[in-house]
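> File follows, model.txt with compact mmCIF, C-alpha atoms:
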# COMPACT_ATOMS: atom_id res chain seq x y z
CA MET A 90 16.25 -21.98 14.20
CA MET A 91 18.26 -20.70 11.30
CA TRP A 92 16.79 -19.90 7.83
CA THR A 93 18.93 -22.59 6.19
CA GLU A 94 17.71 -25.19 8.72
CA LEU A 95 14.12 -24.23 7.85
CA LEU A 96 14.81 -24.61 4.13
CA VAL A 97 16.29 -28.07 4.70
CA GLY A 98 13.37 -29.04 6.97
CA LEU A 99 10.85 -28.04 4.31
CA GLY A 100 12.90 -29.35 1.39
CA ALA A 101 12.66 -25.83 0.01
CA THR A 102 14.58 -24.33 -2.89
CA ALA A 103 15.89 -20.80 -2.47
CA LEU A 104 14.85 -18.40 -5.26
CA VAL A 105 16.33 -15.28 -3.68
CA ASP A 106 19.46 -16.02 -1.67
CA SER A 107 20.57 -14.28 1.49
CA ASP A 108 22.96 -14.60 4.38
CA ASP A 109 21.72 -16.96 7.08
CA PHE A 110 19.59 -15.49 9.89
CA GLU A 111 17.66 -16.63 12.92
CA VAL A 112 13.94 -17.38 12.62
CA ARG A 113 11.89 -17.28 15.81
CA ALA A 114 8.37 -17.77 14.47
CA ILE A 115 6.27 -18.67 11.44
CA ALA A 116 3.17 -16.88 10.11
CA ALA A 117 1.31 -19.11 7.67
CA ALA A 118 -1.69 -18.01 5.61
CA ASP A 119 -3.01 -17.75 2.10
CA LEU A 120 -5.00 -14.72 3.22
CA LEU A 121 -2.62 -11.78 3.19
CA SER A 122 -5.04 -10.04 5.57
CA ASP A 123 -4.16 -12.71 8.15
CA ILE A 124 -0.44 -11.98 7.73
CA LEU A 125 -1.10 -8.25 8.07
CA ALA A 126 -2.84 -8.93 11.38
CA THR A 127 0.04 -10.89 12.92
CA GLU A 128 1.85 -9.51 15.93
CA LYS A 129 4.83 -11.84 15.60
CA SER A 130 8.35 -10.57 15.11
CA ASP A 131 11.42 -12.23 13.57
CA PHE A 132 9.13 -14.48 11.59
CA VAL A 133 9.06 -16.14 8.18
CA MET A 134 5.88 -16.07 6.10
CA LEU A 135 4.47 -19.26 4.53
CA THR A 136 1.89 -18.64 1.84
CA GLY A 137 0.34 -20.03 -1.30
CA GLN A 138 0.08 -16.56 -2.85
CA THR A 139 2.48 -15.91 -5.73
CA THR A 140 1.75 -12.26 -6.37
CA ALA A 141 3.54 -8.95 -5.95
CA PRO A 142 1.18 -7.98 -3.09
CA ALA A 143 2.44 -11.05 -1.16
CA ILE A 144 5.99 -9.64 -1.18
CA ARG A 145 4.71 -6.15 -0.31
CA THR A 146 2.83 -7.72 2.62
CA ALA A 147 6.10 -9.25 3.83
CA VAL A 148 7.77 -5.82 3.56
CA ALA A 149 4.95 -4.05 5.42
CA VAL A 150 4.93 -6.45 8.36
CA GLY A 151 8.71 -6.87 8.43
CA ALA A 152 8.76 -10.62 7.64
CA LEU A 153 12.32 -11.94 7.46
CA GLY A 154 11.63 -14.23 4.51
CA VAL A 155 8.88 -15.80 2.40
CA ILE A 156 8.35 -19.46 1.53
CA VAL A 157 5.80 -20.34 -1.14
CA VAL A 158 4.02 -23.65 -0.52
CA ARG A 159 2.47 -26.30 -2.81
CA GLY A 160 5.41 -26.06 -5.24
CA LYS A 161 3.74 -23.22 -7.07
CA ASN A 162 5.41 -21.69 -10.07
CA VAL A 163 6.74 -18.41 -8.73
CA PRO A 164 6.55 -15.66 -11.37
CA GLU A 165 9.65 -13.64 -12.25
CA GLU A 166 7.84 -10.51 -11.13
CA MET A 167 7.63 -11.85 -7.57
CA ILE A 168 11.28 -12.92 -7.57
CA ASP A 169 12.36 -9.49 -8.87
CA LEU A 170 10.34 -7.69 -6.24
CA ALA A 171 11.73 -9.88 -3.43
CA THR A 172 15.25 -9.23 -4.75
CA ASN A 173 14.62 -5.48 -4.85
CA PHE A 174 13.37 -5.43 -1.27
CA GLY A 175 16.03 -7.86 -0.02
CA ILE A 176 13.43 -10.44 1.04
CA PRO A 177 14.78 -14.01 0.94
CA LEU A 178 12.34 -16.13 -1.08
CA ALA A 179 12.03 -19.92 -1.39
CA VAL A 180 9.55 -22.51 -2.65
CA THR A 181 8.62 -25.89 -1.16
CA GLN A 182 6.65 -28.74 -2.69
CA LEU A 183 4.90 -29.32 0.66
CA LYS A 184 1.25 -28.37 1.06
CA MET A 185 0.44 -25.67 3.60
CA PHE A 186 -0.46 -28.08 6.42
CA GLU A 187 2.61 -30.26 5.82
CA ALA A 188 4.84 -27.19 5.64
CA CYS A 189 3.45 -25.89 8.94
CA VAL A 190 4.06 -29.24 10.62
CA SER A 191 7.62 -29.43 9.29
CA ALA A 192 8.34 -25.81 10.27
CA GLY A 193 6.95 -26.52 13.75
CA VAL A 194 9.20 -29.57 14.06
CA CYS A 195 12.21 -27.45 13.03
CA LEU A 196 11.36 -24.76 15.59
CA TRP A 197 10.77 -27.37 18.31
CA SER A 198 14.01 -29.28 17.56
CA SER A 199 15.99 -26.06 17.57
CA ALA A 200 14.48 -24.93 20.89
CA SER A 201 15.08 -28.40 22.44
CA SER A 202 18.72 -28.52 21.38
CA LYS A 203 19.31 -25.12 23.01
CA SER A 204 17.64 -25.97 26.35
CA MET B 207 15.34 11.03 -0.70
CA GLU B 208 14.72 7.41 -1.53
CA PHE B 209 12.80 8.24 -4.72
CA SER B 210 13.82 10.72 -7.35
CA PHE B 211 11.15 12.89 -8.94
CA VAL B 212 11.12 10.82 -12.14
CA GLN B 213 10.94 7.52 -10.21
CA GLU B 214 7.98 8.88 -8.31
CA LEU B 215 6.37 9.88 -11.60
CA ILE B 216 6.85 6.40 -13.01
CA HIS B 217 5.36 4.87 -9.87
CA LYS B 218 2.20 6.92 -10.27
CA LEU B 219 1.62 6.06 -13.92
CA LYS B 220 -0.27 2.99 -15.07
CA THR B 221 0.62 1.02 -18.17
CA PHE B 222 -2.46 2.13 -20.14
CA GLN B 223 -1.32 5.73 -19.68
CA ALA B 224 1.89 4.95 -21.57
CA MET B 225 0.57 2.75 -24.39
CA ARG B 226 -0.16 3.47 -28.02
CA GLU B 227 -3.78 2.67 -28.86
CA GLU B 228 -3.51 3.12 -32.62
CA VAL B 229 -1.64 0.00 -33.57
CA VAL B 230 -1.14 -1.63 -36.96
CA THR B 231 -2.36 -5.22 -36.64
CA ALA B 232 -2.63 -8.27 -38.89
CA THR B 233 -5.07 -11.18 -39.01
CA THR B 234 -4.12 -14.84 -39.29
CA SER B 235 -5.03 -14.93 -42.98
CA CYS B 236 -2.56 -12.14 -43.91
CA THR B 237 0.60 -13.43 -45.56
CA LEU B 238 4.03 -12.76 -44.14
CA ARG B 239 4.64 -10.62 -47.23
CA ASP B 240 1.59 -8.48 -46.31
CA VAL B 241 3.09 -8.00 -42.85
CA GLN B 242 6.45 -7.17 -44.37
CA GLY B 243 4.67 -4.44 -46.36
CA MET B 244 3.00 -3.09 -43.18
CA MET B 245 6.38 -2.95 -41.48
CA ARG B 246 7.94 -1.09 -44.39
CA GLN B 247 5.03 1.34 -44.75
CA HIS B 248 4.77 2.20 -41.05
CA ARG B 249 8.48 1.77 -40.20
CA ILE B 250 7.78 -0.71 -37.41
CA SER B 251 9.51 -3.93 -36.44
CA GLY B 252 6.64 -5.96 -34.99
CA VAL B 253 2.98 -6.50 -35.86
CA PRO B 254 0.48 -8.07 -33.44
CA VAL B 255 -1.90 -10.64 -34.91
CA VAL B 256 -5.38 -9.83 -33.61
CA GLU B 257 -8.83 -11.24 -34.30
CA ASP B 258 -12.05 -10.24 -32.48
CA GLU B 259 -9.93 -8.04 -30.18
CA HIS B 260 -7.97 -11.08 -29.03
CA LEU B 261 -4.21 -11.30 -29.41
CA LEU B 262 -3.25 -14.52 -31.17
CA GLY B 263 0.44 -13.87 -31.76
CA ILE B 264 2.99 -11.43 -33.08
CA VAL B 265 5.12 -11.25 -36.22
CA THR B 266 8.52 -9.68 -35.72
CA ILE B 267 11.19 -8.59 -38.16
CA GLU B 268 13.10 -11.79 -37.26
CA ASP B 269 10.10 -13.88 -38.39
CA ILE B 270 10.11 -12.00 -41.73
CA LEU B 271 13.86 -12.45 -42.23
CA ARG B 272 13.53 -16.18 -41.53
CA ALA B 273 10.61 -16.44 -44.01
CA LEU B 274 12.64 -14.68 -46.72
CA GLU B 275 15.62 -16.93 -46.09
CA HIS B 276 13.60 -20.16 -46.17
CA GLY B 277 11.17 -19.16 -48.93
CA TYR B 278 7.79 -19.15 -47.18
CA ILE B 279 7.17 -15.39 -47.29
CA ASP B 280 3.82 -15.91 -49.08
CA ASP B 281 2.44 -18.25 -46.39
CA PRO B 282 -0.33 -17.00 -44.07
CA VAL B 283 1.05 -15.76 -40.76
CA ARG B 284 -1.01 -18.25 -38.73
CA GLY B 285 1.60 -21.00 -39.16
CA TRP B 286 4.66 -18.84 -38.55
CA MET B 287 3.78 -16.11 -36.08
CA THR B 288 5.24 -16.17 -32.56
CA LYS B 289 2.40 -17.53 -30.44
CA GLN B 290 3.99 -17.35 -26.99
CA VAL B 291 3.71 -13.61 -26.47
CA VAL B 292 4.71 -11.81 -23.29
CA THR B 293 1.93 -9.35 -22.43
CA VAL B 294 1.26 -6.78 -19.73
CA GLY B 295 -1.98 -5.65 -18.04
CA GLU B 296 -3.46 -2.22 -18.63
CA ARG B 297 -3.61 -1.49 -14.88
CA TRP B 298 -0.08 -2.66 -14.13
CA PRO B 299 2.11 0.01 -12.57
CA LEU B 300 4.40 1.35 -15.28
CA THR B 301 7.42 0.33 -13.21
CA GLU B 302 6.47 -3.32 -13.52
CA THR B 303 5.90 -3.06 -17.27
CA MET B 304 9.29 -1.35 -17.63
CA SER B 305 10.93 -4.15 -15.69
CA VAL B 306 9.36 -6.71 -18.10
CA LEU B 307 10.69 -4.71 -21.08
CA ASP B 308 14.10 -4.61 -19.45
CA ARG B 309 14.14 -8.29 -18.48
CA THR B 310 12.93 -9.69 -21.80
CA GLY B 311 14.82 -7.24 -24.01
CA TYR B 312 11.73 -6.94 -26.27
CA GLY B 313 11.13 -3.63 -28.02
CA ARG B 314 7.37 -3.72 -27.55
CA LEU B 315 4.81 -5.39 -25.31
CA PRO B 316 1.12 -5.92 -26.13
CA VAL B 317 -1.22 -4.53 -23.47
CA LEU B 318 -4.31 -6.52 -22.47
CA SER B 319 -7.42 -5.24 -20.70
CA ALA B 320 -8.77 -6.86 -17.55
CA GLU B 321 -11.03 -8.94 -19.86
CA GLY B 322 -8.01 -10.18 -21.79
CA LYS B 323 -8.65 -8.06 -24.89
CA PHE B 324 -5.81 -6.52 -26.88
CA ILE B 325 -5.96 -2.75 -26.40
CA GLY B 326 -2.55 -1.40 -27.39
CA LEU B 327 1.21 -1.59 -27.41
CA VAL B 328 3.75 -0.22 -25.00
CA THR B 329 7.26 0.60 -26.23
CA SER B 330 10.25 2.53 -24.85
CA ASP B 331 9.19 5.46 -27.05
CA SER B 332 5.59 5.45 -25.83
CA ILE B 333 6.81 5.36 -22.21
CA LEU B 334 9.15 8.29 -22.83
CA HIS B 335 6.34 10.22 -24.47
CA ALA B 336 3.98 9.55 -21.53
CA LEU B 337 6.63 10.68 -19.05
CA LEU B 338 7.24 13.91 -20.93
CA VAL B 339 3.51 14.66 -21.14
CA GLU B 340 3.09 13.98 -17.41
CA LEU B 341 6.16 16.05 -16.57
CA GLU B 342 4.83 18.96 -18.59
CA ARG B 343 1.45 18.68 -16.86
CA LEU B 344 3.04 18.68 -13.39
CA LEU B 345 5.37 21.57 -14.17
CA GLY B 346 2.38 23.55 -15.43
CA LYS B 347 0.60 22.79 -12.17
CA ASP B 348 3.61 23.89 -10.15
CA GLU B 349 3.74 27.19 -12.00
CA GLU B 350 0.03 27.77 -11.38
CA ARG B 351 0.51 27.00 -7.69
CA ALA B 352 3.49 29.33 -7.40
CA VAL B 353 1.55 32.17 -9.00
CA ALA B 354 -1.45 31.59 -6.73
CA GLU B 355 0.71 31.41 -3.60
CA SER B 356 2.63 34.55 -4.42
CA ALA B 357 -0.62 36.45 -5.13
CA ALA B 358 -2.14 35.46 -1.83
CA ALA B 359 1.14 35.99 0.05
CA VAL B 360 0.73 32.60 1.71
CA PRO B 361 3.49 31.90 4.24
CA PRO B 362 5.67 28.85 3.56
CA PRO B 363 4.29 25.57 4.91
CA PRO B 364 5.51 24.52 8.36
CA ALA B 365 8.50 22.20 8.51
CA GLY B 366 7.48 18.61 7.95
CA GLN B 367 6.88 16.08 5.24
CA HIS B 368 3.79 15.66 3.12
CA TRP B 369 2.89 12.88 0.70
CA GLU B 370 -0.21 12.25 -1.38
CA PHE B 371 -1.07 8.99 -3.09
CA GLU B 372 -3.88 8.26 -5.54
CA ILE B 373 -5.22 4.71 -5.25
CA PRO B 374 -7.21 3.42 -8.26
CA ALA B 375 -10.16 1.06 -7.76
CA GLY B 376 -9.85 -2.55 -8.89
CA ASP B 377 -6.07 -2.64 -9.32
CA TYR B 378 -5.41 -5.68 -7.13
CA ASP B 379 -1.82 -6.12 -8.38
CA ALA B 380 -0.96 -2.70 -6.99
CA ALA B 381 -2.04 -3.56 -3.42
CA GLY B 382 0.69 -2.58 -0.98
CA LEU B 383 2.53 -0.29 -3.40
CA THR B 384 1.80 2.84 -1.38
CA SER B 385 2.41 1.05 1.90
CA VAL B 386 5.96 -0.03 1.02
CA ARG B 387 6.81 3.34 -0.52
CA LEU B 388 5.61 5.16 2.59
CA LYS B 389 7.52 2.77 4.84
CA ARG B 390 10.73 3.59 2.96
CA GLU B 391 10.06 7.31 3.18
CA LEU B 392 9.40 7.11 6.92
CA ALA B 393 12.61 5.12 7.40
CA SER B 394 14.58 7.76 5.55
CA HIS B 395 13.15 10.44 7.86
CA GLY B 396 14.15 8.71 11.07
CA VAL B 397 10.79 7.24 12.09
CA PRO B 398 11.40 4.25 14.42
CA PRO B 399 10.85 0.79 12.86
CA GLU B 400 8.04 -0.05 15.26
CA VAL B 401 6.04 2.99 14.09
CA GLN B 402 7.02 2.34 10.45
CA ARG B 403 5.54 -1.14 10.75
CA ARG B 404 2.24 0.04 12.25
CA VAL B 405 1.90 2.78 9.63
CA ALA B 406 2.76 0.36 6.81
CA ILE B 407 0.19 -2.21 7.94
CA ALA B 408 -2.58 0.37 8.42
CA THR B 409 -1.79 1.96 5.06
CA TYR B 410 -1.77 -1.44 3.34
CA GLU B 411 -5.21 -2.24 4.77
CA ALA B 412 -6.54 1.18 3.79
CA GLU B 413 -5.13 0.79 0.28
CA ALA B 414 -6.72 -2.64 -0.06
CA ASN B 415 -10.08 -1.20 1.02
CA LEU B 416 -9.86 1.57 -1.60
CA ILE B 417 -8.92 -0.94 -4.30
CA ILE B 418 -11.55 -3.52 -3.39
CA HIS B 419 -14.55 -1.55 -2.17
CA THR B 420 -14.65 1.88 -3.80
CA THR B 421 -16.24 2.83 -7.09
CA SER B 422 -13.48 5.16 -8.26
CA GLY B 423 -10.55 4.68 -5.88
CA GLY B 424 -9.41 7.25 -3.35
CA ARG B 425 -6.56 9.22 -1.83
CA ILE B 426 -4.14 8.67 1.00
CA VAL B 427 -2.60 11.86 2.39
CA VAL B 428 0.25 11.59 4.88
CA ASP B 429 1.84 14.28 7.03
CA LEU B 430 4.87 13.73 9.20
CA ASP B 431 6.12 16.19 11.80
CA GLU B 432 8.29 15.84 14.88
CA ARG B 433 5.41 14.51 16.98
CA MET B 434 3.32 12.25 14.80
CA VAL B 435 2.34 10.74 11.47
CA ARG B 436 -1.13 11.81 10.39
CA ILE B 437 -2.93 9.92 7.64
CA VAL B 438 -6.21 10.79 5.95
CA VAL B 439 -7.78 8.16 3.72
CA GLN B 440 -10.68 9.39 1.66
CA ASP B 441 -12.90 8.12 -1.13
CA ASP B 442 -16.02 9.23 -2.93
CA GLY B 443 -18.15 6.18 -2.44
CA PRO B 444 -20.10 4.07 -2.27
CA GLY B 445 -19.72 4.42 1.53
CA ILE B 446 -20.16 1.88 4.30
CA GLU B 447 -23.73 1.03 5.18
CA ASP B 448 -23.01 -0.01 8.76
CA THR B 449 -19.64 1.15 10.11
CA GLU B 450 -20.24 -0.64 13.40
CA MET B 451 -20.53 -3.97 11.58
CA ALA B 452 -17.52 -3.11 9.40
CA MET B 453 -15.41 -2.67 12.53
CA ARG B 454 -16.16 -6.24 13.62
CA HIS B 455 -13.56 -8.93 13.01
CA GLY B 456 -14.49 -11.14 10.07
CA TRP B 457 -17.35 -9.02 8.66
CA SER B 458 -16.79 -8.47 4.95
CA THR B 459 -18.65 -7.82 1.73
CA ALA B 460 -15.69 -8.82 -0.48
CA SER B 461 -16.21 -11.16 -3.45
CA ASP B 462 -14.73 -14.65 -3.80
CA LEU B 463 -12.26 -13.28 -6.37
CA VAL B 464 -10.95 -10.76 -3.86
CA ARG B 465 -10.65 -13.48 -1.22
CA SER B 466 -8.75 -15.74 -3.62
CA LEU B 467 -6.22 -12.93 -4.00
CA GLY B 468 -5.64 -12.90 -0.25
CA PHE B 469 -7.87 -10.03 0.85
CA GLY B 470 -11.39 -9.40 2.08
CA ALA B 471 -11.20 -11.40 5.30
CA GLY B 472 -12.98 -8.68 7.22
CA LEU B 473 -9.88 -7.82 9.22
CA GLY B 474 -8.99 -4.52 7.54
CA LEU B 475 -10.68 -1.80 9.60
CA PRO B 476 -10.17 -3.57 12.97
CA ASN B 477 -6.50 -4.02 12.08
CA ILE B 478 -6.14 -0.34 11.14
CA ARG B 479 -7.69 0.65 14.48
CA LYS B 480 -5.35 -1.73 16.31
CA CYS B 481 -2.26 -0.24 14.64
CA ALA B 482 -3.14 3.45 15.03
CA ASP B 483 -2.90 5.61 18.16
CA GLY B 484 -5.84 7.68 16.96
CA PHE B 485 -8.66 6.39 14.74
CA GLN B 486 -11.79 8.08 13.43
CA ILE B 487 -14.10 6.88 10.70
CA HIS B 488 -16.92 8.72 9.02
CA SER B 489 -18.93 7.19 6.23
CA GLU B 490 -22.05 8.18 4.40
CA MET B 491 -23.79 6.09 1.76
CA GLY B 492 -23.47 7.71 -1.64
CA ARG B 493 -20.90 10.23 -0.36
CA GLY B 494 -17.91 8.15 0.67
CA THR B 495 -15.70 7.30 3.61
CA ARG B 496 -13.01 9.21 5.47
CA LEU B 497 -10.52 7.73 7.91
CA ASP B 498 -8.38 9.95 10.15
CA LEU B 499 -5.41 8.13 11.64
CA ARG B 500 -2.71 9.28 14.03
CA PHE B 501 0.52 7.52 14.92
CA ASP B 502 2.45 9.09 17.79
CA LEU B 503 6.23 9.24 17.65
CA PRO B 504 8.50 8.79 20.64
CA GLU B 505 10.19 12.09 21.50
CA ASP B 506 13.32 13.07 19.55
CA THR B 507 12.94 10.43 16.88
CA ALA B 508 11.06 11.96 13.97
CA GLY B 509 11.98 14.49 11.37
CA GLN B 510 15.59 13.35 11.31
CA SER B 511 17.21 12.37 8.09
CA GLY B 512 18.95 9.06 7.63
CA PRO B 513 17.79 5.58 8.55
CA ALA B 514 16.39 5.05 12.01
CA GLU B 515 18.01 2.91 14.65
CA GLY B 516 15.71 1.22 17.08
CA LYS B 517 14.24 -1.98 18.38
CA LYS B 518 12.52 -4.34 16.02
Translate the structure of the given file into structure tokens.

Amino acid sequence: MMWTELLVGLGATALVDSDDFEVRAIAAADLLSDILATEKSDFVMLTGQTTAPAIRTAVAVGALGVIVVRGKNVPEEMIDLATNFGIPLAVTQLKMFEACVSAGVCLWSSASSKS
Amino acid sequence: MEFSFVQELIHKLKTFQAMREEVVTATTSCTLRDVQGMMRQHRISGVPVVEDEHLLGIVTIEDILRALEHGYIDDPVRGWMTKQVVTVGERWPLTETMSVLDRTGYGRLPVLSAEGKFIGLVTSDSILHALLVELERLLGKDEERAVAESAAAVPPPPAGQHWEFEIPAGDYDAAGLTSVRLKRELASHGVPPEVQRRVAIATYEAEANLIIHTTSGGRIVVDLDERMVRIVVQDDGPGIEDTEMAMRHGWSTASDLVRSLGFGAGLGLPNIRKCADGFQIHSEMGRGTRLDLRFDLPEDTAGQSGPAEGKK
């Protein structure tokens, strides 16, 4: 699935733009410790955290992008940090569970269309 | 190098280290004319309005000019001060405060303590002053070190890279700062991305532990040579009562506040052990905790300059 397809699927608004790229997995958690423990690769992070440490977590684990759930107001500081590190950042109005379901549907549709 | 000396200096400093504590303030009952007088007397262009250590607003030179133009210069400031004030936290890294100054274009930013009390002002001048003081301190240290080394005829250190990071306790906003800096440094020295990632995750977890659980923070010391990355994480207490329990998934003594910020799930130490090729922990109550970590490098990959190529 491509990043832009995921944004459309989640009705998300991009806050830090980037070229399109392929997303193979999703890691979703409000606990940054959970994200730090993931073994996934080529994944996008879904989280309700809107702090600088959330972006640094994405950098540490090599997340391809970050989507903030629950339509939270994303502070400028977080947007600046994502821009500095080249991390695509978006926000969706969906709650965490709804966002996970929608992201799963996107991944599944993409995999089905390829097989 | 990814970071210049001055950038590194700025990264290490906290906002409170660059603020002015002696600040001229007004109360809500002062008139705008009183504030105008303060500005003239002290040659300043903004006066915070503070009562009971709480920041209620700020009066700027623009507010005074407007008052003079519209004839309400003798009104109390409470009705005319700017109430939506951009503030910064005392424990914020100075880099983040500087980026707020840059983004807003303001000449000064009030600094608030963790309890929300007004404790000072940070300005471009106060930042410059703090940098110069710190620079002077470090240069003095370097001179002392050079003298000591020459007296003892110590041979030069072996080829390799060495970094030291101080991690303050309780500074939750700074979590991950050392991790991402170290990851960049390792990338610039040719460490493969897979090792960079494991080091960054382990360092992040260690940093979070120092921030959340220690009484006075700690240190992370990193050495890179052609064979491995060695990391020592050390603090002075309080120590871990039962290291066996602390190594279990999900065991944590973190507060609800810490959990709400995304940490304290009890995954830290197990995750560090999972990421590292060598892991040792020693902790003593009242004395502190020391972690010794080793990350092996594939042959012929480390110690090179320039970004690494490798599998994700």
> Take atom CA of A:Met185 and atom CA of A:Glu165 and report the distance between them in Å, one decimal.
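Here the two named atoms are 21.9 Å from each other.
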> To one decimal place, how far is atom CA of B:Glu268 from atom CA of B:Phe222 in Å?
27.0 Å
> May I ask you to extract the residues of chain A within 10 Å of chain B, using all atoms listed in the file, and to give them as a count of residues only?
33
> Quick one: residues within 12 Å of B:Thr288, all atoms listed in the file counted, chain neighbours fewer than 3 positions away excluded, as a ChimeraX atom specification?
/B:234,252-255,261-270,283-285,291-292
> Can you work out the spacing between atom CA of B:Val438 and atom CA of B:Ser489 in Å, to one decimal?
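One can read the atom CA of B:Val438 to atom CA of B:Ser489 distance as 13.2 Å.
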> Please provide as a VMD selection string all residues within 12 Å of B:His248, with the sequence filter that same-chain residues fewer than 3 positions apart are discarded (counting all atoms listed in the file).
chain B and resid 228 to 231 241 to 245 251 to 253
> Please save C-alpha atoms of the selected residues as a compact mmCIF listing (two decimals), keeping the file's coordinate frame.

# COMPACT_ATOMS: atom_id res chain seq x y z
CA GLU B 228 -3.51 3.12 -32.62
CA VAL B 229 -1.64 0.00 -33.57
CA VAL B 230 -1.14 -1.63 -36.96
CA THR B 231 -2.36 -5.22 -36.64
CA VAL B 241 3.09 -8.00 -42.85
CA GLN B 242 6.45 -7.17 -44.37
CA GLY B 243 4.67 -4.44 -46.36
CA MET B 244 3.00 -3.09 -43.18
CA MET B 245 6.38 -2.95 -41.48
CA SER B 251 9.51 -3.93 -36.44
CA GLY B 252 6.64 -5.96 -34.99
CA VAL B 253 2.98 -6.50 -35.86
> So that I can check the surroundings of A:Arg159, please list as a list in words every protein, DNA and RNA residue that reaches within 12 Å of it, counting only C-alpha atoms and ignoring chain neighbours fewer than 5 positions away.
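Contacts, in chain order: Leu99, Gly100, Ala101, Asp119, Leu135, Thr136, Gly137, Gln138, Thr139, Ala179, Val180, Thr181, Gln182, Leu183, Lys184, Met185, Phe186, Glu187, Ala188 and Cys189 of chain A.
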> Counting only C-alpha atoms, find the residues whose atoms lie at most 12 Å from (17.8, -21.9, -2.6) (file coordinates) and write them out as a list in words.
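Protein, DNA and RNA residues close to (17.8, -21.9, -2.6): Trp92, Thr93, Glu94, Leu95, Leu96, Val97, Leu99, Gly100, Ala101, Thr102, Ala103, Leu104, Val105, Asp106, Ser107, Asp108, Asp109, Val155, Ile156, Pro177, Leu178, Ala179, Val180 and Thr181 of chain A.
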> Counting only C-alpha atoms, which residue out of A:Gly193, A:Ala116, A:Val163, A:Gly154 sits closest to A:Gly175?
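Smallest distance to A:Gly175 is found for A:Gly154.
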> Determine the nearest neighbour of A:Met90 from the options A:Ser201, A:Cys195, A:Val190, A:Asn173, counting only C-alpha atoms.
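Smallest distance to A:Met90 is found for A:Cys195.
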> Which polymer residues, whether protein, DNA or RNA, lie within 9 Å of the coordinate (11.8, -12.0, 11.3) when you count all atoms listed in the file? List them as a list in words, using the chain letters and numbers from the file.
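It turns out the residues near that spot are Phe110, Glu111, Val112, Arg113, Ala114, Ile115, Lys129, Ser130, Asp131, Phe132, Val133, Met134, Gly151, Ala152, Leu153 and Gly154 of chain A.
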